[in-house]
$ cat run_7.cif   # mmCIF, N, CA and C atoms
data_work
loop_
_atom_site.label_atom_id
_atom_site.label_comp_id
_atom_site.auth_asym_id
_atom_site.auth_seq_id
_atom_site.Cartn_x
_atom_site.Cartn_y
_atom_site.Cartn_z
N GLY V 1 -52.65 -14.75 63.45
CA GLY V 1 -52.30 -14.88 62.06
C GLY V 1 -50.93 -15.49 61.89
N PHE V 2 -50.56 -15.75 60.66
CA PHE V 2 -49.26 -16.32 60.36
C PHE V 2 -48.77 -15.78 59.03
N ALA V 3 -47.46 -15.81 58.85
CA ALA V 3 -46.87 -15.35 57.59
C ALA V 3 -47.07 -16.43 56.54
N VAL V 4 -47.30 -16.01 55.33
CA VAL V 4 -47.49 -16.96 54.23
C VAL V 4 -46.69 -16.48 53.03
N ALA V 5 -46.03 -17.41 52.37
CA ALA V 5 -45.34 -17.11 51.12
C ALA V 5 -45.99 -17.95 50.04
N ILE V 6 -46.51 -17.31 49.02
CA ILE V 6 -47.19 -17.98 47.94
C ILE V 6 -46.21 -18.12 46.78
N SER V 7 -46.01 -19.35 46.30
CA SER V 7 -45.13 -19.56 45.15
C SER V 7 -45.97 -19.88 43.93
N ALA V 8 -45.61 -19.28 42.81
CA ALA V 8 -46.40 -19.46 41.59
C ALA V 8 -45.50 -19.61 40.38
N GLU V 9 -45.98 -20.41 39.43
CA GLU V 9 -45.23 -20.63 38.20
C GLU V 9 -45.48 -19.49 37.22
N ILE V 10 -44.42 -19.01 36.59
CA ILE V 10 -44.56 -17.99 35.55
C ILE V 10 -45.18 -18.65 34.33
N ARG V 11 -46.29 -18.11 33.84
CA ARG V 11 -47.05 -18.72 32.75
C ARG V 11 -46.90 -18.02 31.42
N LYS V 12 -46.63 -16.70 31.43
CA LYS V 12 -46.58 -15.94 30.19
C LYS V 12 -45.49 -14.88 30.32
N VAL V 13 -44.73 -14.69 29.24
CA VAL V 13 -43.66 -13.70 29.22
C VAL V 13 -43.81 -12.87 27.94
N ASP V 14 -43.75 -11.56 28.07
CA ASP V 14 -43.73 -10.64 26.94
C ASP V 14 -42.34 -10.04 26.87
N GLU V 15 -41.53 -10.54 25.92
CA GLU V 15 -40.12 -10.14 25.86
C GLU V 15 -39.95 -8.67 25.55
N ASP V 16 -40.73 -8.13 24.62
CA ASP V 16 -40.56 -6.73 24.23
C ASP V 16 -40.78 -5.78 25.40
N GLU V 17 -41.73 -6.10 26.25
CA GLU V 17 -42.10 -5.21 27.35
C GLU V 17 -41.52 -5.65 28.70
N ARG V 18 -40.79 -6.77 28.73
CA ARG V 18 -40.26 -7.34 29.99
C ARG V 18 -41.37 -7.57 31.00
N LEU V 19 -42.45 -8.19 30.56
CA LEU V 19 -43.59 -8.50 31.41
C LEU V 19 -43.63 -10.00 31.71
N VAL V 20 -43.99 -10.34 32.95
CA VAL V 20 -44.19 -11.74 33.33
C VAL V 20 -45.56 -11.85 34.00
N PHE V 21 -46.24 -12.95 33.73
CA PHE V 21 -47.59 -13.17 34.24
C PHE V 21 -47.73 -14.59 34.77
N GLY V 22 -48.65 -14.77 35.71
CA GLY V 22 -48.96 -16.11 36.19
C GLY V 22 -49.95 -16.05 37.34
N TRP V 23 -50.40 -17.23 37.75
CA TRP V 23 -51.29 -17.33 38.90
C TRP V 23 -50.46 -17.18 40.17
N ALA V 24 -50.75 -16.17 40.97
CA ALA V 24 -50.09 -16.03 42.26
C ALA V 24 -50.55 -17.15 43.19
N TYR V 25 -51.83 -17.49 43.10
CA TYR V 25 -52.38 -18.56 43.92
C TYR V 25 -53.73 -18.95 43.35
N VAL V 26 -54.03 -20.24 43.38
CA VAL V 26 -55.35 -20.72 42.99
C VAL V 26 -55.97 -21.34 44.23
N SER V 27 -57.10 -20.80 44.64
CA SER V 27 -57.74 -21.21 45.88
C SER V 27 -58.64 -22.44 45.70
N THR V 28 -59.47 -22.41 44.66
CA THR V 28 -60.38 -23.52 44.41
C THR V 28 -60.32 -23.92 42.95
N ASP V 29 -60.59 -25.20 42.68
CA ASP V 29 -60.59 -25.67 41.30
C ASP V 29 -61.94 -25.40 40.64
N GLU V 30 -62.10 -25.88 39.40
CA GLU V 30 -63.31 -25.58 38.63
C GLU V 30 -64.58 -26.07 39.30
N SER V 31 -64.46 -27.11 40.14
CA SER V 31 -65.65 -27.63 40.81
C SER V 31 -65.89 -27.00 42.18
N GLY V 32 -65.02 -26.06 42.57
CA GLY V 32 -65.18 -25.39 43.85
C GLY V 32 -64.46 -26.05 45.00
N GLU V 33 -63.70 -27.12 44.72
CA GLU V 33 -62.94 -27.81 45.77
C GLU V 33 -61.74 -26.97 46.19
N LEU V 34 -61.54 -26.82 47.50
CA LEU V 34 -60.41 -26.09 48.02
C LEU V 34 -59.12 -26.83 47.68
N ILE V 35 -58.12 -26.12 47.18
CA ILE V 35 -56.86 -26.73 46.78
C ILE V 35 -55.86 -26.61 47.93
N VAL V 36 -55.23 -27.73 48.27
CA VAL V 36 -54.18 -27.74 49.28
C VAL V 36 -52.86 -27.65 48.53
N ASP V 37 -52.03 -26.65 48.89
CA ASP V 37 -50.78 -26.43 48.16
C ASP V 37 -49.69 -27.39 48.62
N SER V 38 -48.50 -27.26 48.02
CA SER V 38 -47.40 -28.19 48.29
C SER V 38 -46.90 -28.12 49.72
N GLN V 39 -47.22 -27.04 50.44
CA GLN V 39 -46.81 -26.91 51.84
C GLN V 39 -47.92 -27.34 52.80
N GLY V 40 -49.01 -27.90 52.25
CA GLY V 40 -50.10 -28.38 53.08
C GLY V 40 -51.07 -27.30 53.51
N ASP V 41 -50.97 -26.11 52.90
CA ASP V 41 -51.85 -25.00 53.25
C ASP V 41 -52.94 -24.83 52.20
N ALA V 42 -54.03 -24.23 52.60
CA ALA V 42 -55.11 -23.87 51.69
C ALA V 42 -55.62 -22.50 52.11
N ILE V 43 -55.93 -21.67 51.13
CA ILE V 43 -56.43 -20.33 51.41
C ILE V 43 -57.82 -20.20 50.81
N GLU V 44 -58.79 -19.93 51.66
CA GLU V 44 -60.16 -19.73 51.19
C GLU V 44 -60.19 -18.53 50.23
N ALA V 45 -61.07 -18.57 49.25
CA ALA V 45 -61.14 -17.51 48.24
C ALA V 45 -61.34 -16.13 48.86
N ALA V 46 -62.18 -16.02 49.88
CA ALA V 46 -62.44 -14.72 50.50
C ALA V 46 -61.18 -14.16 51.15
N GLU V 47 -60.38 -15.01 51.79
CA GLU V 47 -59.13 -14.56 52.42
C GLU V 47 -58.11 -14.20 51.35
N LEU V 48 -58.05 -14.98 50.27
CA LEU V 48 -57.13 -14.69 49.18
C LEU V 48 -57.47 -13.35 48.53
N GLU V 49 -58.76 -13.10 48.37
CA GLU V 49 -59.19 -11.83 47.77
C GLU V 49 -58.75 -10.65 48.62
N LYS V 50 -58.91 -10.74 49.94
CA LYS V 50 -58.47 -9.67 50.85
C LYS V 50 -56.96 -9.48 50.74
N ALA V 51 -56.21 -10.58 50.70
CA ALA V 51 -54.75 -10.51 50.62
C ALA V 51 -54.31 -9.89 49.30
N ALA V 52 -55.01 -10.23 48.22
CA ALA V 52 -54.67 -9.68 46.90
C ALA V 52 -54.86 -8.17 46.88
N TYR V 53 -55.97 -7.69 47.41
CA TYR V 53 -56.22 -6.25 47.42
C TYR V 53 -55.22 -5.53 48.33
N ASP V 54 -54.90 -6.14 49.48
CA ASP V 54 -53.93 -5.55 50.39
C ASP V 54 -52.56 -5.46 49.72
N HIS V 55 -52.20 -6.49 48.98
CA HIS V 55 -50.90 -6.50 48.29
C HIS V 55 -50.83 -5.36 47.28
N VAL V 56 -51.88 -5.19 46.50
CA VAL V 56 -51.90 -4.12 45.49
C VAL V 56 -51.80 -2.75 46.16
N LEU V 57 -52.49 -2.57 47.25
CA LEU V 57 -52.49 -1.28 47.94
C LEU V 57 -51.16 -0.96 48.62
N ASN V 58 -50.45 -1.99 49.07
CA ASN V 58 -49.29 -1.74 49.93
C ASN V 58 -47.95 -2.30 49.46
N PHE V 59 -47.96 -3.30 48.57
CA PHE V 59 -46.70 -3.99 48.27
C PHE V 59 -46.54 -4.33 46.80
N SER V 60 -46.85 -3.42 45.89
CA SER V 60 -46.86 -3.79 44.48
C SER V 60 -45.49 -3.81 43.81
N ALA V 61 -44.44 -3.38 44.50
CA ALA V 61 -43.10 -3.49 43.95
C ALA V 61 -42.55 -4.88 44.26
N THR V 62 -41.58 -5.34 43.46
CA THR V 62 -41.01 -6.66 43.70
C THR V 62 -39.50 -6.61 43.68
N GLY V 63 -38.90 -7.46 44.51
CA GLY V 63 -37.45 -7.62 44.53
C GLY V 63 -37.12 -9.05 44.15
N VAL V 64 -35.89 -9.46 44.36
CA VAL V 64 -35.49 -10.84 44.12
C VAL V 64 -35.40 -11.52 45.48
N SER V 65 -36.14 -12.61 45.64
CA SER V 65 -36.16 -13.36 46.90
C SER V 65 -36.49 -12.46 48.09
N HIS V 66 -37.36 -11.48 47.87
CA HIS V 66 -37.83 -10.55 48.92
C HIS V 66 -36.69 -9.75 49.52
N GLU V 67 -35.61 -9.55 48.77
CA GLU V 67 -34.46 -8.82 49.29
C GLU V 67 -34.00 -7.80 48.26
N GLY V 68 -33.19 -6.86 48.73
CA GLY V 68 -32.53 -5.93 47.82
C GLY V 68 -33.46 -4.90 47.22
N GLU V 69 -32.97 -4.29 46.15
CA GLU V 69 -33.71 -3.21 45.50
C GLU V 69 -34.89 -3.74 44.69
N THR V 70 -35.80 -2.85 44.41
CA THR V 70 -36.94 -3.18 43.57
C THR V 70 -36.46 -3.46 42.15
N VAL V 71 -36.90 -4.59 41.58
CA VAL V 71 -36.53 -4.92 40.20
C VAL V 71 -37.73 -4.88 39.27
N GLY V 72 -38.91 -4.70 39.82
CA GLY V 72 -40.11 -4.66 39.00
C GLY V 72 -41.31 -4.17 39.78
N LYS V 73 -42.38 -3.86 39.02
CA LYS V 73 -43.62 -3.39 39.65
C LYS V 73 -44.80 -4.13 39.06
N MET V 74 -45.80 -4.32 39.90
CA MET V 74 -47.03 -4.98 39.46
C MET V 74 -47.74 -4.11 38.43
N VAL V 75 -48.16 -4.73 37.34
CA VAL V 75 -48.94 -4.03 36.32
C VAL V 75 -50.33 -4.63 36.16
N GLU V 76 -50.54 -5.81 36.76
CA GLU V 76 -51.84 -6.47 36.61
C GLU V 76 -52.13 -7.29 37.84
N SER V 77 -53.37 -7.21 38.30
CA SER V 77 -53.83 -8.03 39.41
C SER V 77 -55.32 -8.28 39.19
N PHE V 78 -55.69 -9.54 39.12
CA PHE V 78 -57.09 -9.89 38.92
C PHE V 78 -57.45 -11.06 39.80
N MET V 79 -58.39 -10.85 40.70
CA MET V 79 -58.88 -11.90 41.56
C MET V 79 -60.10 -12.51 40.90
N LEU V 80 -59.94 -13.71 40.36
CA LEU V 80 -61.04 -14.42 39.73
C LEU V 80 -61.90 -15.09 40.79
N THR V 81 -63.19 -14.85 40.74
CA THR V 81 -64.15 -15.56 41.58
C THR V 81 -65.28 -16.02 40.67
N PRO V 82 -66.07 -17.00 41.10
CA PRO V 82 -67.21 -17.42 40.27
C PRO V 82 -68.15 -16.25 39.94
N GLU V 83 -68.33 -15.34 40.91
CA GLU V 83 -69.22 -14.20 40.69
C GLU V 83 -68.67 -13.26 39.63
N LYS V 84 -67.36 -13.02 39.64
CA LYS V 84 -66.75 -12.14 38.65
C LYS V 84 -66.77 -12.78 37.27
N ALA V 85 -66.51 -14.08 37.20
CA ALA V 85 -66.56 -14.78 35.91
C ALA V 85 -67.95 -14.65 35.30
N GLU V 86 -68.98 -14.82 36.12
CA GLU V 86 -70.36 -14.70 35.64
C GLU V 86 -70.63 -13.27 35.16
N ALA V 87 -70.20 -12.27 35.94
CA ALA V 87 -70.43 -10.87 35.57
C ALA V 87 -69.72 -10.51 34.27
N MET V 88 -68.60 -11.16 33.99
CA MET V 88 -67.85 -10.87 32.78
C MET V 88 -68.33 -11.68 31.59
N GLY V 89 -69.30 -12.56 31.80
CA GLY V 89 -69.80 -13.38 30.71
C GLY V 89 -68.88 -14.53 30.34
N LEU V 90 -67.99 -14.91 31.26
CA LEU V 90 -67.09 -16.04 31.01
C LEU V 90 -67.83 -17.35 31.28
N PRO V 91 -67.30 -18.47 30.79
CA PRO V 91 -67.95 -19.75 31.07
C PRO V 91 -68.09 -19.98 32.58
N GLU V 92 -69.16 -20.64 32.96
CA GLU V 92 -69.44 -20.88 34.38
C GLU V 92 -68.31 -21.69 35.01
N THR V 93 -67.85 -21.26 36.16
CA THR V 93 -66.79 -21.95 36.89
C THR V 93 -66.96 -21.70 38.37
N GLN V 94 -66.45 -22.61 39.16
CA GLN V 94 -66.38 -22.42 40.61
C GLN V 94 -64.95 -22.13 41.05
N ALA V 95 -64.06 -21.96 40.07
CA ALA V 95 -62.66 -21.70 40.38
C ALA V 95 -62.48 -20.30 40.96
N ALA V 96 -61.47 -20.18 41.82
CA ALA V 96 -61.08 -18.88 42.38
C ALA V 96 -59.57 -18.82 42.43
N GLY V 97 -59.01 -17.72 41.98
CA GLY V 97 -57.56 -17.59 42.00
C GLY V 97 -57.14 -16.15 41.72
N TRP V 98 -55.86 -15.90 41.98
CA TRP V 98 -55.32 -14.54 41.83
C TRP V 98 -54.25 -14.55 40.74
N TRP V 99 -54.51 -13.86 39.64
CA TRP V 99 -53.61 -13.73 38.50
C TRP V 99 -52.87 -12.40 38.61
N VAL V 100 -51.55 -12.42 38.41
CA VAL V 100 -50.76 -11.19 38.53
C VAL V 100 -49.80 -11.06 37.35
N GLY V 101 -49.38 -9.81 37.12
CA GLY V 101 -48.37 -9.52 36.12
C GLY V 101 -47.42 -8.46 36.65
N TYR V 102 -46.14 -8.60 36.31
CA TYR V 102 -45.11 -7.65 36.75
C TYR V 102 -44.28 -7.19 35.56
N LYS V 103 -43.92 -5.93 35.56
CA LYS V 103 -42.96 -5.39 34.59
C LYS V 103 -41.61 -5.36 35.29
N LEU V 104 -40.64 -6.04 34.69
CA LEU V 104 -39.31 -6.13 35.29
C LEU V 104 -38.39 -5.12 34.64
N ALA V 105 -37.96 -4.14 35.40
CA ALA V 105 -37.07 -3.10 34.89
C ALA V 105 -35.65 -3.61 34.77
N ASP V 106 -35.28 -4.59 35.59
CA ASP V 106 -33.92 -5.10 35.64
C ASP V 106 -33.70 -6.13 34.51
N ALA V 107 -32.84 -5.81 33.56
CA ALA V 107 -32.59 -6.67 32.40
C ALA V 107 -31.99 -8.02 32.81
N ASP V 108 -31.11 -8.03 33.82
CA ASP V 108 -30.50 -9.29 34.25
C ASP V 108 -31.53 -10.22 34.87
N VAL V 109 -32.43 -9.67 35.67
CA VAL V 109 -33.48 -10.48 36.27
C VAL V 109 -34.39 -11.03 35.17
N PHE V 110 -34.76 -10.19 34.21
CA PHE V 110 -35.63 -10.65 33.13
C PHE V 110 -34.94 -11.76 32.32
N ALA V 111 -33.64 -11.62 32.08
CA ALA V 111 -32.90 -12.66 31.36
C ALA V 111 -32.97 -13.99 32.11
N LYS V 112 -32.93 -13.94 33.44
CA LYS V 112 -33.02 -15.16 34.24
C LYS V 112 -34.43 -15.75 34.20
N VAL V 113 -35.43 -14.93 34.02
CA VAL V 113 -36.79 -15.44 33.82
C VAL V 113 -36.84 -16.17 32.48
N LYS V 114 -36.30 -15.55 31.44
CA LYS V 114 -36.34 -16.15 30.10
C LYS V 114 -35.56 -17.46 30.03
N ASP V 115 -34.41 -17.54 30.72
CA ASP V 115 -33.61 -18.76 30.61
C ASP V 115 -34.04 -19.84 31.62
N GLY V 116 -35.06 -19.53 32.44
CA GLY V 116 -35.59 -20.53 33.35
C GLY V 116 -34.97 -20.53 34.74
N THR V 117 -33.96 -19.68 34.98
CA THR V 117 -33.37 -19.60 36.32
C THR V 117 -34.45 -19.23 37.33
N TYR V 118 -35.27 -18.24 36.97
CA TYR V 118 -36.43 -17.86 37.79
C TYR V 118 -37.68 -18.32 37.05
N SER V 119 -38.20 -19.48 37.44
CA SER V 119 -39.41 -19.99 36.80
C SER V 119 -40.63 -19.82 37.69
N MET V 120 -40.39 -19.36 38.91
CA MET V 120 -41.46 -19.17 39.88
C MET V 120 -41.27 -17.82 40.54
N TRP V 121 -42.30 -17.32 41.20
CA TRP V 121 -42.13 -16.17 42.07
C TRP V 121 -42.85 -16.46 43.36
N SER V 122 -42.56 -15.67 44.35
CA SER V 122 -43.14 -15.84 45.67
C SER V 122 -43.67 -14.50 46.14
N ILE V 123 -44.89 -14.52 46.63
CA ILE V 123 -45.53 -13.31 47.15
C ILE V 123 -45.73 -13.53 48.63
N GLN V 124 -45.19 -12.63 49.44
CA GLN V 124 -45.33 -12.77 50.88
C GLN V 124 -46.48 -11.92 51.39
N GLY V 125 -47.04 -12.37 52.50
CA GLY V 125 -48.11 -11.63 53.15
C GLY V 125 -48.45 -12.31 54.46
N SER V 126 -49.63 -12.03 54.95
CA SER V 126 -50.06 -12.69 56.17
C SER V 126 -51.48 -13.16 55.99
N ALA V 127 -51.84 -14.16 56.76
CA ALA V 127 -53.18 -14.72 56.69
C ALA V 127 -53.61 -15.09 58.10
N ALA V 128 -54.90 -15.16 58.29
CA ALA V 128 -55.44 -15.54 59.60
C ALA V 128 -55.58 -17.04 59.64
N GLU V 129 -55.11 -17.67 60.74
CA GLU V 129 -55.30 -19.09 60.89
C GLU V 129 -56.75 -19.35 61.26
N THR V 130 -57.30 -20.40 60.66
CA THR V 130 -58.67 -20.78 61.01
C THR V 130 -58.67 -22.23 61.45
N GLU V 131 -59.54 -22.53 62.38
CA GLU V 131 -59.66 -23.91 62.84
C GLU V 131 -60.79 -24.57 62.08
N GLU V 132 -60.51 -25.81 61.62
CA GLU V 132 -61.54 -26.57 60.93
C GLU V 132 -62.58 -27.02 61.95
N SER V 133 -63.85 -26.92 61.58
CA SER V 133 -64.89 -27.35 62.53
C SER V 133 -65.40 -28.72 62.16
#
$ encode --input "run_7.cif" --output "structure tokens"
Amino acid sequence: GFAVAISAEIRKVDEDERLVFGWAYVSTDESGELIVDSQGDAIEAAELEKAAYDHVLNFSATGVSHEGETVGKMVESFMLTPEKAEAMGLPETQAAGWWVGYKLADADVFAKVKDGTYSMWSIQGSAAETEES
């Protein structure tokens, strides 16, 4: 296996509650094509789903740049798959991705999210390397 850091753009902010939301990672697009990220990596939906569940079970607190004290906690985690979209009655899609939300207790960190200093977040974990056949 290898260490992986997933970077994601913050998409939604709730100022009253100090909540931030966004896609932690999108594995496949609407047509089911695997997406290669800016670092040249791609994560299959099944592996991303395992990593998402492992993160919720073991690492739901967040710090700044993976260092220091906890500044927030995960409040939302949803692994979208075509099967789940169908079960929920959503429009048909082949997209797969992991949507997350965090409540930031630290006012200074939240202020930096609002002013754009922190426009992305990074989620660390591990993944198994696979060889293309």
$ residues_around --input "run_7.cif" --residues "Pro82 of chain V" --least-positions-apart "5" --cutoff "7 Å" --atoms "all atoms listed in the file" --output "MDAnalysis selection string"
chainID V and resid 87 92:96
$ resolve_selection --input "run_7.cif" --expression "the PyMOL selection byres ((chain V and resi 27) around 6)" --output "list in words"
Tyr25, Val26, Thr28, Asp29, Glu33, Leu34, Ile35, Ile43, Glu44, Ala45, Ala96, Gly97 and Trp98 of chain V
$ residues_around --input "run_7.cif" --residues "Gly22 of chain V" --least-positions-apart "3" --cutoff "10 Å" --atoms "only C-alpha atoms" --output "ChimeraX atom specification"
/V:8-13,25,77,98-102,120-121
$ closest_residue --input "run_7.cif" --among "V:Asp108, V:Gly72, V:Ser119, V:Ala85" --to "Glu30 of chain V" --atoms "only C-alpha atoms"
V:Ala85
$ atom_distance --input "run_7.cif" --atom1 "atom CA of Leu19 of chain V" --atom2 "atom C of Phe59 of chain V"
16.2 Å
$ resolve_selection --input "run_7.cif" --expression "the PyMOL selection byres ((chain V and resi 104) around 7)" --output "VMD selection string"
chain V and resid 17 to 20 71 to 73 102 to 103 105 to 107 109 to 110
$ atom_distance --input "run_7.cif" --atom1 "atom CA of Lys84 of chain V" --atom2 "atom C of Ala51 of chain V"
16.5 Å
$ atom_distance --input "run_7.cif" --atom1 "atom CA of Leu90 of chain V" --atom2 "atom C of Asp16 of chain V"
28.8 Å
$ closest_residue --input "run_7.cif" --among "V:Lys50, V:Gln39, V:Leu57, V:Val113" --to "Met79 of chain V" --atoms "only C-alpha atoms"
V:Lys50
$ closest_residue --input "run_7.cif" --among "V:Gly40, V:Tyr118, V:Glu49, V:Ser31" --to "Thr81 of chain V" --atoms "only C-alpha atoms"
V:Glu49
$ closest_residue --input "run_7.cif" --among "V:Ala52, V:Ala111, V:Ala42, V:Asp37" --to "Leu80 of chain V" --atoms "only C-alpha atoms"
V:Ala52
